[in-house]
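*Asks:* Input: one structure, supplied below.
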Protein chains: 2
Amino acid sequence: MNLRSIGEQAKQSSYGLAVLTSQQKNEALDRVYHALLKNTDKILSANQKDMENGRRKGLNEGLLDRLMLNQERIQAMADSIRDIIQLEDPIGEVLDSYTLENGLQIKKKRVPIGVIGIIYEARPNVTLDAFTICFKTGNAVILKGGSDALYSNQAITKAIQEGLMDSQIDENAIQLITSTSHEDTEQFMKMTDYVDVIIPRGSRRLIQSVMANAKVPVIETGAGNCHIYLDAFADIQKAIDIVYNAKTQRIGVCNAAESLLVHKDIAQKILPKVQEKLNEKNVLLKCDEDSYAILKDHPGRIDHATKEDWGEEYLDYILSVKVVKDVKEAIDHINTYSTRHSECIVTENEKNAQQFLNEVDSACVYWNASTRFTDGGVFGFGAEIGISTGKIHARGPMALKEMTSYKYVIQGNGQVR
Amino acid sequence: MNLRSIGEQAKQSSYGLAVLTSQQKNEALDRVYHALLKNTDKILSANQKDMENGRRKGLNEGLLDRLMLNQERIQAMADSIRDIIQLEDPIGEVLDSYTLENGLQIKKKRVPIGVIGIIYEARPNVTLDAFTICFKTGNAVILKGGSDALYSNQAITKAIQEGLMDSQIDENAIQLITSTSHEDTEQFMKMTDYVDVIIPRGSRRLIQSVMANAKVPVIETGAGNCHIYLDAFADIQKAIDIVYNAKTQRIGVCNAAESLLVHKDIAQKILPKVQEKLNEKNVLLKCDEDSYAILKDHPGRIDHATKEDWGEEYLDYILSVKVVKDVKEAIDHINTYSTRHSECIVTENEKNAQQFLNEVDSACVYWNASTRFTDGGVFGFGAEIGISTGKIHARGPMALKEMTSYKYVIQGNGQVR
């Protein structure tokens with residue numbers, strides 16, 4: 001597998017994509033929609049191969065479900081293309097425009113980033129999602145999917161390329177790295193000449209490995225050790241509802257709550273009630289000394305927290321619990337242990353809320369609402385390519401605008417310095 | 001030298017800086033202004049030590065001049081603080097604000113990045129510049145300056161810290177790494193727990209080394225292999241003026257022109273005239289075959305270009321020259337060899353100009369103006385911490401806004417998903 005030529009082709013392709021009109025891009029996306037549906041059988045039979053290999057390898061049911069495609073799922077994937085077509089194209093937007101005293105006209109214009117690399121695990125729908133968002137914003141994309149989904153990804157990529165060729169657009173706008181060798185993945189992450197940014201999507205382990213090995217700029221995504229802080233002035237019912245929702249509505253997602261902080265003045269009263277609600281889902285509470293003392297004689301599963309628990313992203317029916325003496329201690333604890341994803345304060349006290357919202361250093365900070373809302377779709381972006389927990393380039397849910405850069409276009413009349 | 005505690009202190013300091021009001025920051029900057037002037041003698045005597053060491057080491061005159069401080073230069077540094085005080089503080093700006101159907105109010109607010117690392121060479125004024133821009137935007141800064149300027153940097157840092165302490169602000173808002181060991185610099189670039197971004201300032205070698213070794217996100221800056229393309233429809237006088245200015249007005253800077261592309265239809269006519277003007281500065285032209293054939297019987301210094309010349313940033317009275325068959329070949333050549341800094345087309349033909357401006361993938365693209373204008377001050381930013389040649393986070397001249405990130409602040413009333 002010649003990675004350099006994949007990189008070179010993507011870079012070349014990106015120059016053409018950057019100057020397509022919105023109409024050209026939307027027409028091509030529509031052809032991709034039809035090509036995808038037309039190739040449903042081929043995609044399904046490729047997916048069948050991946051499923052058989054997966055079962056033989058002993059993948060667990062959760063992973064097999066993520067991997068599995070059927071008619072409905074392919075239709076849903078295709079429908080998502082129609083949603084992207086409806087979204088406004090950010091490319092070409094004039095972000096700033098002014099004239100200097102010497103007559104130079106400066107325009108700051110939004111442009112594509114260029115070539116985007118996506119490294120992900122065994123969810124074949126990411127293949128299409130990543131392509132549509134990158135293509136709509138005039139970027140070429142190089143995909144490195146998990147080996148468990150290799151045949152599905154190949155079939156989807158081929159269908160997309162068929163749609164592009166129908167539109168006389170360079171098929172290298174999307175390329176899939178089919179090699180499963182570790183060395184090739186490492187090389188991909190170091191192709192600074194061709195790849196402008198890499199976005200890892202998947203487990204914490206995958207993301208950390210990309211962060212540790214890439215030379216290409218990486219946008220850190222995903223891991224969410226999200227906190228809920230119940231202030232001394234918390235409304236009891238809101239507290240119960242928010243903790244229950246943030247912890248249990250869906251446990252395997254990055255915006256689920258993993259840690260509960262409770263003000264000492266309200267802990268005795270509120271913790272047993274929160275526990276009672278969480279007992280509906282048999283949630284295990286990993287408690288510090290103070291919260292353990294409060295809960296030990298109440299029904300429910302509790303255990304002693306160790307220091308490691310504060311940094312844990314359980315993705316399970318487990319929640320760490322700690323009593324704090326004030327909002328400041330809650331903020332310090334969060335800034336020490338969180339992954340800077342989403343955190344919430346439950347309080348009716350505006351001053352405490354503002355302090356929390358200002359001083360907690362996370363992508364999304366909530367006052368009296370579940371952390372589960374951190375999502376590109378919910379935020380109204382119409383799409384999502386990941387949630388950035390870094391602070392460089394993009395933060396929080398990322399969609400179309402986050403896949404863009406800008407350039408300065410300066411028009412003169414012979415000016416020199 | 002305990003780098004981890006420097007990192008930890010910077011991170012802690014950044015939380016306090018993030019919530020300072022503009023007035024608090026401006027008052028502190030004013031105290032830094034006074035502290036700097038009050039410490040002029042100490043700074044000058046520290047600089048004297050660096051100068052003596054530099055002479056002993058045999059630093060060339062250019063480097064010694066960059067290193068040298070005097071009363072006027074310190075006054076100029078101090079005056080630049082006053083300029084920064086006048087600039088609008090971008091922190092707290094609401095970039096977007098809307099309410100979802102479920103009543104959640106979402107605000108996207110501009111916040112500091114956190115901790116910024118600057119790695120630079122022997123220009124002690126960068127110590128102050130970097131601090132003022134980072135501090136005005138609520139960021140803590142860790143500086144790693146060149147060892148040749150160590151005593152000067154220490155004295156300037158101490159004066160700044162004195163001004164901060166006068167304002168009851170954590171002195172760790174600025175910290176200087178005084179270790180000159182290679183291992184410490186490497187470790188600094190890998191402190192992802194504490195440092196949010198690193199900006200290298202200096203030679204191409206320094207920048208490449210940071211890019212190659214850092215684990216912390218890096219904003220690539222600096223190197224400029226800038227091109228001027230003289231189109232078939234170029235105005236001859238504008239062409240001569242722009243090439244002469246961009247090549248010779250200041251040779252050691254990143255926005256100076258390093259390569260000249262000329263359309264074949266105009267080459268015979270325009271190249272000798274451009275050369276005649278460049279002869280005033282005895283510029284050496286490294287020519288491709290076609291341009292060599294045109295210029296070989298004219299007075300002036302010429303030589304044959306090798307392939308390496310197309311990628312060269314000479315920073316000298318040298319210019320590579322190539323004849324191209326059309327605007328497309330010029331664009332392709334630039335996208336292949338440029339460092340994506342600043343490029344210019346000289347033409348009276350709007351269609352060719354638009355194609356060039358759209359398709360050249362560089363931070364700044366000029367139509368009929370010298371590339372020398374790429375500068376934060378010229379662009380009206382009031383300051384400059386570097387020029388990004390990357391496309392992630394910031395592109396082109398960077399000043400206050402480019403030292404910021406954002407967060408989503410979401411206010412609810414008990415909403416769950």
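Naming works like this for the structure tokens: A, B, ... for the chains as they're shown, residue 1 at the start of each chain, ligands 1 onward in shown order.
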Per residue of chain B within 6 Å of chain A, what are the shortest atom pair and its distance in Å to one decimal, counting only C-alpha atoms, with rows by chain and residue number, as CSV?
*Replies:*
```
residue,atom,partner,partner_atom,distance
B:Lys238,CA,A:Gly414,CA,5.0
B:Ala363,CA,A:Lys407,CA,4.9
B:Cys364,CA,A:Tyr408,CA,4.6
B:Val365,CA,A:Val409,CA,5.1
B:Tyr366,CA,A:Ile410,CA,4.7
B:Trp367,CA,A:Gln411,CA,4.8
B:Asn368,CA,A:Gly414,CA,4.9
B:Ala369,CA,A:Gln415,CA,4.8
B:Ser370,CA,A:Val416,CA,5.1
B:Lys391,CA,A:Ser405,CA,5.8
B:Ile392,CA,A:His393,CA,5.6
B:His393,CA,A:His393,CA,3.6
B:Ser405,CA,A:Lys391,CA,5.8
B:Lys407,CA,A:Ala363,CA,4.9
B:Tyr408,CA,A:Cys364,CA,4.6
B:Val409,CA,A:Val365,CA,5.1
B:Ile410,CA,A:Tyr366,CA,4.7
B:Gln411,CA,A:Trp367,CA,4.8
B:Gly412,CA,A:Asn368,CA,5.0
B:Asn413,CA,A:Asn368,CA,5.4
B:Gly414,CA,A:Asn368,CA,4.9
B:Gln415,CA,A:Ala369,CA,4.8
B:Val416,CA,A:Ser370,CA,5.1
```
*Asks:* Near Thr178 in chain A, within 9 Å and counting only C-alpha atoms, which residues show up once chain neighbours fewer than 3 positions away are dropped, as a ChimeraX atom specification?
*Replies:* /A:1,143-145,147,150,153-154
*Asks:* Nearest residue to Thr339 in chain A out of A:Ile236, A:Leu206, A:Ala35, A:Ala257, using only C-alpha atoms?
*Replies:*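 Among the listed residues, the smallest separation from Thr339 in chain A belongs to A:Ala257.
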*Asks:* Quick one: residues within 8 Å of Thr221 in chain A, only C-alpha atoms, excluding same-chain residues fewer than 3 positions away - as a short mmCIF file (atom, residue, chain, number, x, y, z; two decimals) with C-alpha atoms, in the first residue's frame?
*Replies:*
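Once written, selection16.cif looks like this:
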```cif
data_model
loop_
_atom_site.label_atom_id
_atom_site.label_comp_id
_atom_site.auth_asym_id
_atom_site.auth_seq_id
_atom_site.Cartn_x
_atom_site.Cartn_y
_atom_site.Cartn_z
CA ILE A 199 -9.51 13.53 13.92
CA PRO A 200 -9.60 10.28 15.88
CA ARG A 201 -13.04 8.86 16.65
CA ILE A 207 -7.52 8.62 20.79
CA GLY A 386 -16.89 14.54 16.83
CA ILE A 387 -16.67 16.48 20.08
CA SER A 388 -13.41 18.27 20.68
CA THR A 389 -12.03 18.23 24.20
CA GLY A 390 -9.03 20.28 23.11
#
```
*Asks:* I want to know what sits within 9 Å of Gln75 in chain B, based on only C-alpha atoms, with residues of the same chain fewer than 3 positions away left out; could you give that as a list in words?
*Replies:*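 Listing them by chain and then by number gives Leu36, Leu37, Thr40, Asn70, Gln71, Glu72, Ala78, Asp79 and Ser80 of chain B.
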*Asks:* If you run DSSP over the backbone, which residues in range 254-417 of chain B end up alpha helix (DSSP H)? Put them as JSON, numbers by chain.
*Replies:* {"B": [264, 265, 266, 267, 268, 269, 270, 271, 272, 273, 274, 275, 276, 277, 278, 289, 290, 291, 292, 293, 294, 295, 327, 328, 329, 330, 331, 332, 333, 334, 335, 336, 337, 350, 351, 352, 353, 354, 355, 356, 357, 358, 359]}
*Asks:* If you keep C-alpha atoms, can you produce a file of those selected residues as a PDB file, in the first residue's frame?
*Replies:*
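File written: again-v3.pdb
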```pdb
ATOM      1  CA  LYS B 264       5.938  33.082 -21.094  1.00  0.00           C
ATOM      2  CA  ASP B 265       4.176  35.734 -23.202  1.00  0.00           C
ATOM      3  CA  ILE B 266       5.579  38.594 -21.152  1.00  0.00           C
ATOM      4  CA  ALA B 267       8.874  37.096 -19.972  1.00  0.00           C
ATOM      5  CA  GLN B 268      11.014  38.385 -22.848  1.00  0.00           C
ATOM      6  CA  LYS B 269       9.786  41.906 -22.301  1.00  0.00           C
ATOM      7  CA  ILE B 270       9.515  42.136 -18.513  1.00  0.00           C
ATOM      8  CA  LEU B 271      12.369  40.044 -17.132  1.00  0.00           C
ATOM      9  CA  PRO B 272      15.215  42.314 -18.282  1.00  0.00           C
ATOM     10  CA  LYS B 273      13.423  45.311 -16.765  1.00  0.00           C
ATOM     11  CA  VAL B 274      12.859  43.566 -13.449  1.00  0.00           C
ATOM     12  CA  GLN B 275      16.489  42.464 -13.476  1.00  0.00           C
ATOM     13  CA  GLU B 276      17.671  46.007 -14.174  1.00  0.00           C
ATOM     14  CA  LYS B 277      15.872  47.243 -11.073  1.00  0.00           C
ATOM     15  CA  LEU B 278      17.108  44.348  -8.909  1.00  0.00           C
ATOM     16  CA  GLU B 289      16.354  27.376 -18.606  1.00  0.00           C
ATOM     17  CA  ASP B 290      13.888  29.758 -20.237  1.00  0.00           C
ATOM     18  CA  SER B 291      14.613  32.721 -18.021  1.00  0.00           C
ATOM     19  CA  TYR B 292      18.350  32.020 -18.224  1.00  0.00           C
ATOM     20  CA  ALA B 293      18.142  32.193 -22.009  1.00  0.00           C
ATOM     21  CA  ILE B 294      16.360  35.547 -21.811  1.00  0.00           C
ATOM     22  CA  LEU B 295      18.709  37.125 -19.248  1.00  0.00           C
ATOM     23  CA  VAL B 327      -1.693  31.011 -14.431  1.00  0.00           C
ATOM     24  CA  LYS B 328      -2.542  27.361 -13.739  1.00  0.00           C
ATOM     25  CA  GLU B 329       1.108  26.322 -13.920  1.00  0.00           C
ATOM     26  CA  ALA B 330       2.004  29.204 -11.605  1.00  0.00           C
ATOM     27  CA  ILE B 331      -0.638  28.090  -9.099  1.00  0.00           C
ATOM     28  CA  ASP B 332       0.480  24.454  -9.240  1.00  0.00           C
ATOM     29  CA  HIS B 333       4.112  25.436  -8.784  1.00  0.00           C
ATOM     30  CA  ILE B 334       3.247  27.601  -5.777  1.00  0.00           C
ATOM     31  CA  ASN B 335       1.059  24.951  -4.177  1.00  0.00           C
ATOM     32  CA  THR B 336       3.901  22.463  -4.600  1.00  0.00           C
ATOM     33  CA  TYR B 337       6.820  24.536  -3.320  1.00  0.00           C
ATOM     34  CA  GLU B 350      -9.553  40.094 -13.124  1.00  0.00           C
ATOM     35  CA  LYS B 351     -10.307  36.521 -14.154  1.00  0.00           C
ATOM     36  CA  ASN B 352      -6.694  35.435 -13.759  1.00  0.00           C
ATOM     37  CA  ALA B 353      -6.451  37.322 -10.487  1.00  0.00           C
ATOM     38  CA  GLN B 354      -9.541  35.614  -9.072  1.00  0.00           C
ATOM     39  CA  GLN B 355      -8.297  32.210 -10.132  1.00  0.00           C
ATOM     40  CA  PHE B 356      -4.973  32.855  -8.433  1.00  0.00           C
ATOM     41  CA  LEU B 357      -6.562  34.217  -5.246  1.00  0.00           C
ATOM     42  CA  ASN B 358      -8.980  31.284  -5.043  1.00  0.00           C
ATOM     43  CA  GLU B 359      -6.649  28.443  -5.931  1.00  0.00           C
TER      44      GLU B 359
END
```
*Asks:* Would you list the contacts of Asn39 in chain A as an MDAnalysis selection string, taking every protein, DNA or RNA residue within 10 Å and counting only C-alpha atoms, but skipping same-chain residues closer than 4 positions in sequence?
*Replies:* chainID A and resid 34:35 43:44 74 155:156 158:160 162
*Asks:* Keeping only C-alpha atoms, write those residues as an mmCIF file, in the first residue's frame.
*Replies:*
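Below you can see again.cif, which holds the result:
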```cif
data_model
loop_
_atom_site.group_PDB
_atom_site.id
_atom_site.type_symbol
_atom_site.label_atom_id
_atom_site.label_comp_id
_atom_site.auth_asym_id
_atom_site.auth_seq_id
_atom_site.Cartn_x
_atom_site.Cartn_y
_atom_site.Cartn_z
ATOM 1 C CA HIS A 34 -28.436 7.417 -5.174
ATOM 2 C CA ALA A 35 -25.196 5.471 -5.599
ATOM 3 C CA ILE A 43 -22.739 -3.145 0.884
ATOM 4 C CA LEU A 44 -24.881 -5.674 2.734
ATOM 5 C CA ILE A 74 -28.310 2.041 4.899
ATOM 6 C CA ALA A 155 -18.088 -1.168 -0.247
ATOM 7 C CA ILE A 156 -19.362 2.153 1.114
ATOM 8 C CA LYS A 158 -16.738 2.457 -3.581
ATOM 9 C CA ALA A 159 -20.374 3.507 -3.723
ATOM 10 C CA ILE A 160 -19.430 7.069 -2.740
ATOM 11 C CA GLU A 162 -19.240 5.953 -7.974
#
```
*Asks:* Could you list, as a ChimeraX atom specification, every residue within 8 Å of Ile133 in chain A, counting only C-alpha atoms and ignoring same-chain residues fewer than 5 positions away?
*Replies:* /A:84,383,385,399-400,403
*Asks:* Would you return as a short mmCIF file (atom, residue, chain, number, x, y, z; two decimals) with C-alpha atoms, in the first residue's frame the members of range 99-223 of chain B that DSSP assigns to strand (DSSP E or B) on this structure's backbone?
*Replies:*
```cif
data_model
loop_
_atom_site.label_atom_id
_atom_site.label_comp_id
_atom_site.auth_asym_id
_atom_site.auth_seq_id
_atom_site.Cartn_x
_atom_site.Cartn_y
_atom_site.Cartn_z
CA THR B 99 -32.39 29.19 22.46
CA GLN B 105 -30.15 28.82 26.17
CA ILE B 106 -26.80 28.26 24.47
CA LYS B 107 -24.07 30.89 24.48
CA LYS B 108 -20.76 30.41 22.70
CA LYS B 109 -18.30 32.58 24.61
CA ARG B 110 -14.72 33.52 23.85
CA VAL B 111 -12.29 32.36 26.57
CA PRO B 112 -8.51 32.17 26.94
CA VAL B 115 -1.32 27.98 29.07
CA ILE B 116 0.73 29.03 26.06
CA GLY B 117 4.31 27.92 25.55
CA ILE B 118 6.64 30.06 23.44
CA ILE B 119 9.97 28.72 22.23
CA TYR B 120 12.18 31.38 20.68
CA ALA B 140 -0.52 32.10 31.36
CA VAL B 141 2.72 31.87 29.40
CA ILE B 142 5.78 29.68 29.77
CA LEU B 143 8.79 30.98 27.89
CA LYS B 144 11.79 29.06 26.65
CA ILE B 174 4.79 34.39 33.25
CA GLN B 175 7.49 31.81 33.86
CA LEU B 176 10.84 31.43 32.16
CA VAL B 197 -0.37 25.09 22.75
CA ILE B 198 3.21 25.85 21.77
CA ILE B 199 4.18 28.60 19.36
CA PRO B 200 7.74 28.46 18.08
CA ARG B 201 9.29 31.74 16.94
CA VAL B 218 1.90 23.42 17.85
CA THR B 221 4.88 29.80 12.22
#
```
*Asks:* For a quick check of understanding, using only C-alpha atoms, which of A:Lys401, A:Lys307, A:Lys286, A:Arg4 has the smallest distance to Met189 in chain A?
*Replies:* A:Arg4
*Asks:* Just give me the gap between CA of Phe381 in chain B and CA of Gln24 in chain B in Å, one decimal is fine.
*Replies:*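 One can read the CA of Phe381 in chain B to CA of Gln24 in chain B distance as 21.6 Å.
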